[in-house]
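Q: The following file, target_25.txt, comprises compact mmCIF, N, CA and C atoms:
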# COMPACT_ATOMS: atom_id res chain seq x y z
N MET S 1 89.42 113.97 102.13
CA MET S 1 90.10 115.13 102.68
C MET S 1 90.39 116.09 101.54
N SER S 2 90.08 117.33 101.73
CA SER S 2 90.31 118.32 100.68
C SER S 2 91.79 118.69 100.63
N GLU S 3 92.18 119.27 99.51
CA GLU S 3 93.57 119.69 99.36
C GLU S 3 93.95 120.77 100.37
N LEU S 4 92.97 121.52 100.84
CA LEU S 4 93.26 122.60 101.78
C LEU S 4 93.72 122.07 103.14
N THR S 5 93.34 120.84 103.49
CA THR S 5 93.71 120.31 104.80
C THR S 5 94.98 119.48 104.76
N ARG S 6 95.59 119.38 103.60
CA ARG S 6 96.83 118.61 103.49
C ARG S 6 98.02 119.51 103.76
N THR S 7 99.10 118.88 104.19
CA THR S 7 100.30 119.66 104.50
C THR S 7 101.53 118.85 104.09
N VAL S 8 102.62 119.53 103.92
CA VAL S 8 103.88 118.87 103.60
C VAL S 8 104.46 118.33 104.90
N VAL S 9 104.78 117.03 104.88
CA VAL S 9 105.29 116.36 106.08
C VAL S 9 106.69 115.84 105.79
N GLY S 10 107.64 116.23 106.62
CA GLY S 10 109.02 115.80 106.45
C GLY S 10 109.30 114.46 107.11
N ARG S 11 110.49 113.98 106.89
CA ARG S 11 110.92 112.69 107.42
C ARG S 11 110.83 112.60 108.95
N PRO S 12 111.29 113.60 109.71
CA PRO S 12 111.22 113.47 111.18
C PRO S 12 109.80 113.27 111.70
N GLU S 13 108.85 114.01 111.12
CA GLU S 13 107.47 113.87 111.57
C GLU S 13 106.93 112.49 111.24
N ARG S 14 107.24 112.00 110.06
CA ARG S 14 106.76 110.66 109.66
C ARG S 14 107.35 109.60 110.57
N LEU S 15 108.63 109.72 110.90
CA LEU S 15 109.26 108.74 111.78
C LEU S 15 108.66 108.79 113.18
N LEU S 16 108.32 109.98 113.64
CA LEU S 16 107.67 110.12 114.94
C LEU S 16 106.33 109.39 114.95
N VAL S 17 105.56 109.56 113.91
CA VAL S 17 104.26 108.89 113.84
C VAL S 17 104.45 107.38 113.77
N HIS S 18 105.43 106.91 113.00
CA HIS S 18 105.69 105.46 112.94
C HIS S 18 106.02 104.92 114.32
N ALA S 19 106.86 105.65 115.05
CA ALA S 19 107.25 105.21 116.39
C ALA S 19 106.06 105.19 117.34
N LEU S 20 105.21 106.19 117.27
CA LEU S 20 104.05 106.25 118.15
C LEU S 20 103.03 105.16 117.83
N VAL S 21 102.86 104.85 116.56
CA VAL S 21 101.95 103.76 116.18
C VAL S 21 102.52 102.42 116.67
N ALA S 22 103.82 102.23 116.52
CA ALA S 22 104.44 101.00 117.02
C ALA S 22 104.29 100.91 118.54
N LEU S 23 104.42 102.04 119.22
CA LEU S 23 104.21 102.06 120.67
C LEU S 23 102.78 101.66 121.02
N GLY S 24 101.82 102.15 120.25
CA GLY S 24 100.43 101.74 120.44
C GLY S 24 100.26 100.24 120.27
N GLY S 25 100.93 99.67 119.28
CA GLY S 25 100.90 98.22 119.08
C GLY S 25 101.50 97.49 120.26
N ALA S 26 102.58 98.05 120.82
CA ALA S 26 103.21 97.42 121.98
C ALA S 26 102.28 97.46 123.20
N VAL S 27 101.54 98.55 123.35
CA VAL S 27 100.57 98.63 124.45
C VAL S 27 99.48 97.58 124.28
N ILE S 28 99.02 97.40 123.06
CA ILE S 28 98.01 96.37 122.81
C ILE S 28 98.57 94.99 123.15
N LEU S 29 99.80 94.72 122.73
CA LEU S 29 100.41 93.43 123.07
C LEU S 29 100.52 93.27 124.58
N TRP S 30 100.88 94.32 125.27
CA TRP S 30 101.00 94.27 126.73
C TRP S 30 99.64 93.96 127.35
N GLU S 31 98.58 94.53 126.81
CA GLU S 31 97.23 94.29 127.32
C GLU S 31 96.82 92.83 127.11
N THR S 32 97.32 92.18 126.07
CA THR S 32 96.93 90.79 125.81
C THR S 32 97.48 89.84 126.86
N ALA S 33 98.47 90.28 127.64
CA ALA S 33 99.03 89.41 128.68
C ALA S 33 97.98 89.06 129.74
N SER S 34 96.96 89.89 129.89
CA SER S 34 95.94 89.62 130.89
C SER S 34 94.82 88.73 130.35
N LEU S 35 94.91 88.34 129.07
CA LEU S 35 93.87 87.51 128.46
C LEU S 35 94.30 86.05 128.40
N SER S 36 93.32 85.17 128.28
CA SER S 36 93.67 83.76 128.07
C SER S 36 94.31 83.64 126.69
N SER S 37 95.06 82.58 126.49
CA SER S 37 95.80 82.46 125.23
C SER S 37 94.88 82.45 124.02
N ASP S 38 93.71 81.83 124.13
CA ASP S 38 92.79 81.82 122.99
C ASP S 38 92.22 83.21 122.73
N SER S 39 91.87 83.92 123.79
CA SER S 39 91.28 85.25 123.63
C SER S 39 92.30 86.29 123.19
N ALA S 40 93.56 86.01 123.35
CA ALA S 40 94.61 86.97 123.00
C ALA S 40 94.96 86.95 121.52
N THR S 41 94.43 86.03 120.75
CA THR S 41 94.81 85.88 119.34
C THR S 41 94.52 87.13 118.53
N PHE S 42 93.28 87.62 118.55
CA PHE S 42 92.92 88.77 117.74
C PHE S 42 93.63 90.04 118.19
N PRO S 43 93.56 90.41 119.48
CA PRO S 43 94.27 91.63 119.88
C PRO S 43 95.78 91.51 119.68
N GLY S 44 96.32 90.32 119.87
CA GLY S 44 97.75 90.13 119.63
C GLY S 44 98.11 90.35 118.18
N ALA S 45 97.24 89.87 117.28
CA ALA S 45 97.47 90.06 115.84
C ALA S 45 97.40 91.55 115.49
N VAL S 46 96.47 92.28 116.10
CA VAL S 46 96.37 93.72 115.85
C VAL S 46 97.63 94.43 116.32
N GLY S 47 98.08 94.12 117.56
CA GLY S 47 99.28 94.75 118.09
C GLY S 47 100.51 94.45 117.26
N LEU S 48 100.69 93.18 116.90
CA LEU S 48 101.83 92.81 116.06
C LEU S 48 101.76 93.47 114.70
N GLY S 49 100.55 93.56 114.14
CA GLY S 49 100.39 94.22 112.84
C GLY S 49 100.78 95.68 112.89
N LEU S 50 100.37 96.37 113.94
CA LEU S 50 100.74 97.78 114.09
C LEU S 50 102.25 97.94 114.17
N ILE S 51 102.88 97.08 114.96
CA ILE S 51 104.34 97.17 115.10
C ILE S 51 105.02 96.84 113.78
N LEU S 52 104.65 95.73 113.17
CA LEU S 52 105.28 95.28 111.94
C LEU S 52 105.17 96.32 110.83
N PHE S 53 103.95 96.81 110.60
CA PHE S 53 103.78 97.76 109.50
C PHE S 53 104.38 99.12 109.81
N SER S 54 104.46 99.49 111.09
CA SER S 54 105.16 100.73 111.45
C SER S 54 106.65 100.62 111.15
N VAL S 55 107.23 99.47 111.48
CA VAL S 55 108.66 99.27 111.22
C VAL S 55 108.92 99.26 109.71
N ILE S 56 108.08 98.55 108.95
CA ILE S 56 108.24 98.51 107.49
C ILE S 56 108.12 99.92 106.91
N SER S 57 107.12 100.66 107.37
CA SER S 57 106.93 102.02 106.87
C SER S 57 108.08 102.94 107.28
N ALA S 58 108.58 102.76 108.49
CA ALA S 58 109.72 103.58 108.94
C ALA S 58 110.96 103.29 108.09
N ILE S 59 111.20 102.02 107.78
CA ILE S 59 112.34 101.67 106.93
C ILE S 59 112.18 102.30 105.54
N ALA S 60 110.96 102.24 105.00
CA ALA S 60 110.71 102.85 103.69
C ALA S 60 110.92 104.36 103.77
N THR S 61 110.53 104.97 104.88
CA THR S 61 110.74 106.41 105.06
C THR S 61 112.22 106.74 105.10
N LEU S 62 113.00 105.93 105.81
CA LEU S 62 114.44 106.17 105.89
C LEU S 62 115.13 105.97 104.55
N ARG S 63 114.64 105.06 103.75
CA ARG S 63 115.26 104.78 102.45
C ARG S 63 114.82 105.75 101.36
N SER S 64 113.74 106.47 101.58
CA SER S 64 113.19 107.33 100.53
C SER S 64 114.06 108.56 100.31
N VAL S 65 113.84 109.15 99.17
CA VAL S 65 114.50 110.42 98.86
C VAL S 65 114.04 111.41 99.92
N SER S 66 114.86 112.33 100.27
CA SER S 66 114.56 113.23 101.38
C SER S 66 113.43 114.22 101.12
N ALA S 67 112.82 114.15 99.95
CA ALA S 67 111.73 115.08 99.65
C ALA S 67 110.54 114.79 100.56
N PRO S 68 109.96 115.83 101.14
CA PRO S 68 108.78 115.63 101.99
C PRO S 68 107.58 115.16 101.17
N THR S 69 106.63 114.55 101.83
CA THR S 69 105.42 114.07 101.17
C THR S 69 104.24 114.94 101.58
N VAL S 70 103.18 114.86 100.81
CA VAL S 70 101.96 115.60 101.12
C VAL S 70 101.02 114.64 101.82
N GLU S 71 100.74 114.91 103.07
CA GLU S 71 99.91 114.04 103.90
C GLU S 71 99.02 114.89 104.78
N ALA S 72 98.25 114.20 105.60
CA ALA S 72 97.43 114.91 106.58
C ALA S 72 98.34 115.62 107.56
N PRO S 73 97.89 116.71 108.14
CA PRO S 73 98.71 117.42 109.12
C PRO S 73 99.03 116.54 110.32
N LEU S 74 100.13 116.85 110.97
CA LEU S 74 100.57 116.09 112.14
C LEU S 74 99.50 116.09 113.23
N VAL S 75 98.75 117.17 113.33
CA VAL S 75 97.69 117.24 114.34
C VAL S 75 96.67 116.12 114.11
N GLN S 76 96.31 115.87 112.86
CA GLN S 76 95.38 114.79 112.57
C GLN S 76 95.99 113.44 112.95
N GLY S 77 97.27 113.28 112.73
CA GLY S 77 97.94 112.04 113.13
C GLY S 77 97.92 111.86 114.63
N MET S 78 98.13 112.94 115.36
CA MET S 78 98.11 112.87 116.82
C MET S 78 96.70 112.57 117.33
N ILE S 79 95.69 113.14 116.67
CA ILE S 79 94.30 112.82 117.03
C ILE S 79 94.06 111.33 116.80
N GLY S 80 94.56 110.82 115.69
CA GLY S 80 94.42 109.39 115.41
C GLY S 80 95.10 108.53 116.47
N LEU S 81 96.27 108.95 116.92
CA LEU S 81 96.96 108.20 117.98
C LEU S 81 96.20 108.28 119.30
N ALA S 82 95.61 109.44 119.59
CA ALA S 82 94.79 109.56 120.80
C ALA S 82 93.57 108.65 120.71
N LEU S 83 92.97 108.57 119.53
CA LEU S 83 91.85 107.65 119.34
C LEU S 83 92.30 106.20 119.52
N LEU S 84 93.50 105.87 119.04
CA LEU S 84 94.03 104.52 119.23
C LEU S 84 94.18 104.22 120.72
N GLY S 85 94.68 105.17 121.49
CA GLY S 85 94.80 104.97 122.93
C GLY S 85 93.44 104.77 123.58
N ALA S 86 92.45 105.57 123.16
CA ALA S 86 91.10 105.42 123.71
C ALA S 86 90.51 104.07 123.32
N TYR S 87 90.82 103.61 122.09
CA TYR S 87 90.35 102.29 121.64
C TYR S 87 90.93 101.20 122.53
N VAL S 88 92.22 101.26 122.78
CA VAL S 88 92.85 100.25 123.64
C VAL S 88 92.20 100.26 125.01
N GLY S 89 91.97 101.45 125.57
CA GLY S 89 91.31 101.53 126.87
C GLY S 89 89.89 101.00 126.85
N SER S 90 89.16 101.29 125.79
CA SER S 90 87.76 100.84 125.74
C SER S 90 87.63 99.35 125.50
N THR S 91 88.67 98.73 124.93
CA THR S 91 88.58 97.28 124.72
C THR S 91 88.53 96.53 126.04
N VAL S 92 89.13 97.08 127.06
CA VAL S 92 89.10 96.45 128.38
C VAL S 92 87.67 96.45 128.92
N LEU S 93 86.94 97.51 128.65
CA LEU S 93 85.58 97.65 129.18
C LEU S 93 84.51 97.01 128.29
N ALA S 94 84.68 97.11 126.97
CA ALA S 94 83.61 96.69 126.07
C ALA S 94 84.01 95.57 125.11
N GLY S 95 85.29 95.26 124.97
CA GLY S 95 85.73 94.23 124.03
C GLY S 95 86.25 94.85 122.74
N PHE S 96 86.99 94.05 121.99
CA PHE S 96 87.64 94.54 120.77
C PHE S 96 86.64 94.84 119.67
N LEU S 97 85.69 93.95 119.45
CA LEU S 97 84.72 94.17 118.38
C LEU S 97 83.80 95.33 118.69
N THR S 98 83.31 95.38 119.90
CA THR S 98 82.42 96.48 120.30
C THR S 98 83.13 97.82 120.17
N SER S 99 84.36 97.88 120.61
CA SER S 99 85.13 99.12 120.52
C SER S 99 85.41 99.51 119.08
N ALA S 100 85.56 98.52 118.20
CA ALA S 100 85.81 98.82 116.79
C ALA S 100 84.62 99.55 116.15
N LEU S 101 83.43 99.36 116.71
CA LEU S 101 82.25 100.02 116.14
C LEU S 101 82.30 101.54 116.27
N TRP S 102 83.00 102.07 117.27
CA TRP S 102 83.16 103.53 117.35
C TRP S 102 84.52 103.96 116.81
N PHE S 103 85.55 103.10 116.97
CA PHE S 103 86.91 103.47 116.59
C PHE S 103 87.07 103.62 115.08
N LEU S 104 86.58 102.67 114.31
CA LEU S 104 86.76 102.72 112.86
C LEU S 104 86.10 103.95 112.23
N PRO S 105 84.84 104.26 112.55
CA PRO S 105 84.28 105.48 111.96
C PRO S 105 84.98 106.75 112.45
N ALA S 106 85.41 106.76 113.71
CA ALA S 106 86.12 107.94 114.23
C ALA S 106 87.42 108.17 113.46
N MET S 107 88.17 107.10 113.22
CA MET S 107 89.42 107.23 112.47
C MET S 107 89.16 107.67 111.03
N ALA S 108 88.10 107.14 110.43
CA ALA S 108 87.77 107.53 109.06
C ALA S 108 87.37 109.00 109.00
N LEU S 109 86.65 109.47 110.02
CA LEU S 109 86.28 110.89 110.06
C LEU S 109 87.51 111.78 110.19
N VAL S 110 88.46 111.38 111.03
CA VAL S 110 89.70 112.14 111.16
C VAL S 110 90.44 112.16 109.82
N GLY S 111 90.36 111.06 109.10
CA GLY S 111 91.02 110.99 107.79
C GLY S 111 90.29 111.71 106.68
N GLY S 112 89.09 112.22 106.96
CA GLY S 112 88.39 113.02 105.96
C GLY S 112 87.18 112.37 105.34
N GLU S 113 86.87 111.15 105.70
CA GLU S 113 85.70 110.48 105.13
C GLU S 113 84.44 111.13 105.68
N ARG S 114 83.48 111.40 104.82
CA ARG S 114 82.25 112.05 105.25
C ARG S 114 80.99 111.28 104.84
N ARG S 115 81.11 110.20 104.11
CA ARG S 115 79.94 109.43 103.68
C ARG S 115 79.47 108.55 104.84
N ARG S 116 78.44 109.00 105.54
CA ARG S 116 77.99 108.30 106.74
C ARG S 116 77.55 106.87 106.46
N SER S 117 76.87 106.64 105.37
CA SER S 117 76.42 105.27 105.07
C SER S 117 77.62 104.35 104.86
N TRP S 118 78.66 104.88 104.23
CA TRP S 118 79.86 104.07 104.02
C TRP S 118 80.54 103.79 105.36
N LEU S 119 80.60 104.78 106.24
CA LEU S 119 81.22 104.59 107.56
C LEU S 119 80.51 103.49 108.34
N VAL S 120 79.19 103.52 108.35
CA VAL S 120 78.42 102.50 109.07
C VAL S 120 78.63 101.13 108.44
N ALA S 121 78.52 101.06 107.12
CA ALA S 121 78.65 99.78 106.43
C ALA S 121 80.06 99.19 106.59
N ALA S 122 81.08 100.01 106.45
CA ALA S 122 82.45 99.51 106.56
C ALA S 122 82.75 99.05 107.98
N SER S 123 82.31 99.80 108.97
CA SER S 123 82.56 99.43 110.37
C SER S 123 81.84 98.13 110.73
N ALA S 124 80.56 98.07 110.39
CA ALA S 124 79.79 96.85 110.68
C ALA S 124 80.36 95.67 109.89
N GLY S 125 80.75 95.91 108.64
CA GLY S 125 81.33 94.84 107.83
C GLY S 125 82.63 94.31 108.40
N PHE S 126 83.49 95.21 108.90
CA PHE S 126 84.74 94.77 109.50
C PHE S 126 84.48 93.93 110.74
N VAL S 127 83.58 94.39 111.60
CA VAL S 127 83.28 93.66 112.84
C VAL S 127 82.71 92.29 112.50
N LEU S 128 81.82 92.23 111.54
CA LEU S 128 81.24 90.94 111.14
C LEU S 128 82.32 90.03 110.55
N LEU S 129 83.17 90.56 109.70
CA LEU S 129 84.24 89.77 109.10
C LEU S 129 85.22 89.26 110.16
N ALA S 130 85.61 90.12 111.09
CA ALA S 130 86.51 89.70 112.17
C ALA S 130 85.87 88.61 113.01
N PHE S 131 84.59 88.75 113.31
CA PHE S 131 83.88 87.74 114.08
C PHE S 131 83.88 86.40 113.34
N VAL S 132 83.51 86.44 112.07
CA VAL S 132 83.44 85.20 111.28
C VAL S 132 84.80 84.54 111.17
N VAL S 133 85.82 85.32 110.84
CA VAL S 133 87.15 84.75 110.65
C VAL S 133 87.71 84.18 111.94
N PHE S 134 87.67 84.95 113.02
CA PHE S 134 88.32 84.48 114.24
C PHE S 134 87.47 83.50 115.03
N ARG S 135 86.18 83.73 115.14
CA ARG S 135 85.36 82.86 115.98
C ARG S 135 84.91 81.61 115.23
N LEU S 136 84.48 81.77 113.97
CA LEU S 136 83.92 80.64 113.25
C LEU S 136 84.97 79.88 112.43
N VAL S 137 85.83 80.58 111.71
CA VAL S 137 86.82 79.90 110.86
C VAL S 137 87.98 79.36 111.69
N PHE S 138 88.60 80.22 112.51
CA PHE S 138 89.75 79.78 113.31
C PHE S 138 89.35 79.21 114.66
N ALA S 139 88.08 79.32 115.03
CA ALA S 139 87.57 78.83 116.32
C ALA S 139 88.34 79.42 117.49
N GLN S 140 88.69 80.70 117.38
CA GLN S 140 89.40 81.41 118.45
C GLN S 140 88.41 82.33 119.14
N PRO S 141 88.19 82.15 120.43
CA PRO S 141 87.26 83.05 121.11
C PRO S 141 87.87 84.43 121.32
N PHE S 142 87.01 85.42 121.29
CA PHE S 142 87.41 86.78 121.63
C PHE S 142 87.33 86.94 123.14
N PRO S 143 87.97 87.96 123.66
CA PRO S 143 87.68 88.32 125.05
C PRO S 143 86.19 88.66 125.14
N PRO S 144 85.63 88.73 126.33
CA PRO S 144 84.19 89.04 126.44
C PRO S 144 83.83 90.30 125.67
N GLU S 145 82.69 90.25 124.97
CA GLU S 145 82.22 91.34 124.13
C GLU S 145 80.88 91.87 124.59
N LEU S 146 80.77 93.18 124.66
CA LEU S 146 79.52 93.83 125.04
C LEU S 146 78.44 93.53 124.00
N ILE S 147 78.76 93.62 122.70
CA ILE S 147 77.74 93.43 121.67
C ILE S 147 77.27 91.98 121.57
N LEU S 148 78.00 91.05 122.16
CA LEU S 148 77.59 89.65 122.16
C LEU S 148 76.92 89.28 123.48
N GLY S 149 76.69 90.27 124.35
CA GLY S 149 76.02 90.03 125.60
C GLY S 149 76.86 89.33 126.65
N GLU S 150 78.18 89.37 126.51
CA GLU S 150 79.06 88.66 127.43
C GLU S 150 79.60 89.56 128.54
N ILE S 151 79.37 90.85 128.43
CA ILE S 151 79.79 91.80 129.47
C ILE S 151 78.56 92.36 130.13
Mind converting the file's structure to structure tokens?
A:
Amino acid sequence: MSELTRTVVGRPERLLVHALVALGGAVILWETASLSSDSATFPGAVGLGLILFSVISAIATLRSVSAPTVEAPLVQGMIGLALLGAYVGSTVLAGFLTSALWFLPAMALVGGERRRSWLVAASAGFVLLAFVVFRLVFAQPFPPELILGEI
């Protein structure tokens, strides 16, 4: 992201984003209620992670000196939250790993990443790593996945 697209962000805006990200995590947790206990492990971990790190970041924001920080504009944050909502919705139709293949590059593009080869490699690498860790190492099945031919 270039310096021209950055903006000064105050405490209220940062706290709003933390709250909205935590809300997104809560929606993901709510969605896991419809999954079997084994299939709910990965999405549940994602939802809890969003909530946990939002709370930690909000506490750090409240404790920080009141000086604003230089971050992406609030509009970019809201676009990111809209993408998170679309990701949650698409996981119901296509699965968590399949949805991550469009969600991760989209979020990186909103954040300013422009190296297409890196976007493809990082997204595919994350999906492969998540598959290996959860399915092979922890032996936890995912909900049905489009890319695995289960939908």
Q: With distances taken over only C-alpha atoms, which of S:Leu35, S:Ala19, S:Leu74, S:Val88 is nearest to Gly47 of chain S?
A: S:Val88
Q: So that each row is one residue of segment 36-141 of chain S with an atom at most 10 Å from segment 14-17 of chain S, can you give its shortest atom pair and the distance in Å to one decimal, using only C-alpha atoms, rows by chain and rising number, as CSV?
A:
residue,atom,partner,partner_atom,distance
S:Ser54,CA,S:Val17,CA,8.6
S:Val55,CA,S:Leu15,CA,9.5
S:Ser57,CA,S:Leu15,CA,8.6
S:Ala58,CA,S:Leu15,CA,5.9
S:Ile59,CA,S:Leu15,CA,9.1
S:Thr61,CA,S:Leu15,CA,7.3
S:Leu62,CA,S:Leu15,CA,8.3
S:Pro68,CA,S:Arg14,CA,9.4
S:Thr69,CA,S:Arg14,CA,9.2
S:Glu71,CA,S:Arg14,CA,9.6
S:Leu74,CA,S:Val17,CA,8.3
S:Gly77,CA,S:Val17,CA,7.1
S:Met78,CA,S:Val17,CA,7.9
S:Gly80,CA,S:Val17,CA,10.0
S:Leu81,CA,S:Val17,CA,8.4
Q: In Å to one decimal, how far is atom CA of Gln140 of chain S from atom CA of Gly44 of chain S?
A: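 Taking atom CA of Gly44 of chain S as the start and atom CA of Gln140 of chain S as the end point, the length is 12.1 Å.
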Q: Tell me which protein, DNA and RNA residues are within 8 Å of Phe42 of chain S, counting only N, CA and C atoms, leaving out same-chain ones fewer than 4 positions away, and put them as a list of chain:residue names.
A: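 Using only N, CA and C atoms, the neighbours found are S:Ser37, S:Asp38, S:Val46, S:Gly47, S:Leu48, S:Phe96, S:Phe134, S:Gln140, S:Pro141, S:Phe142, S:Pro143.
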Q: Pick from S:Gly49, S:Ala108, S:Gly95, S:Ala122: nearest to Leu23 of chain S, with only C-alpha atoms counted?
A: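 Among the listed residues, the smallest separation from Leu23 of chain S belongs to S:Gly49.
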Q: Pick out the residues sitting within 12 Å of segment 125-129 of chain S, and hand them over as a list of chain:residue names; count only C-alpha atoms, and ignore anything fewer than 4 positions along from it in its own chain.
A: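 Counting only C-alpha atoms, the residues come to S:Phe42, S:Gly95, S:Phe96, S:Leu97, S:Thr98, S:Ser99, S:Ala100, S:Leu101, S:Trp102, S:Phe103, S:Leu104, S:Pro105, S:Ser117, S:Trp118, S:Leu119, S:Val120, S:Ala121, S:Val133, S:Phe134, S:Arg135, S:Leu136, S:Val137, S:Phe142, S:Glu145, S:Ile147, S:Leu148.
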Q: With 8 Å on each side, where is the centre of the axis-aligned box around all listed atoms of segment 20-33 of chain S, and how long are its edges in Å to one decimal, as JSON?
A:
{"center_x": 101.0, "center_y": 97.7, "center_z": 123.0, "size_x": 24.4, "size_y": 33.2, "size_z": 29.6}
Q: Quick one, how far is atom N of Gly85 of chain S from atom C of Thr32 of chain S?
A: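 A separation of 16.5 Å between them.
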Q: One number please: atom N of Ala33 of chain S to atom CA of Leu84 of chain S, in Å, one decimal.
A: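 Separation between atom N of Ala33 of chain S and atom CA of Leu84 of chain S: 17.1 Å.
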Q: Point out the residue among S:Ala94, S:Phe53, S:Gly25, S:Arg63 with the least atom-to-atom distance to Glu150 of chain S, counting only C-alpha atoms.
A: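 Using only C-alpha atoms, the shortest distance to Glu150 of chain S belongs to S:Ala94.
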Q: With only N, CA and C atoms as the basis for distance, which of S:Val8, S:Leu93, S:Val27, S:Val65 is at the shortest distance from Pro144 of chain S?
A: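 Among the listed residues, the smallest separation from Pro144 of chain S belongs to S:Leu93.
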Q: Restricting the calculation to only C-alpha atoms, which member of S:Val75, S:Ala139, S:Val132, S:Val92 is positioned closest to Glu13 of chain S?
A: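 Of all the options, S:Val75 lies closest to Glu13 of chain S.
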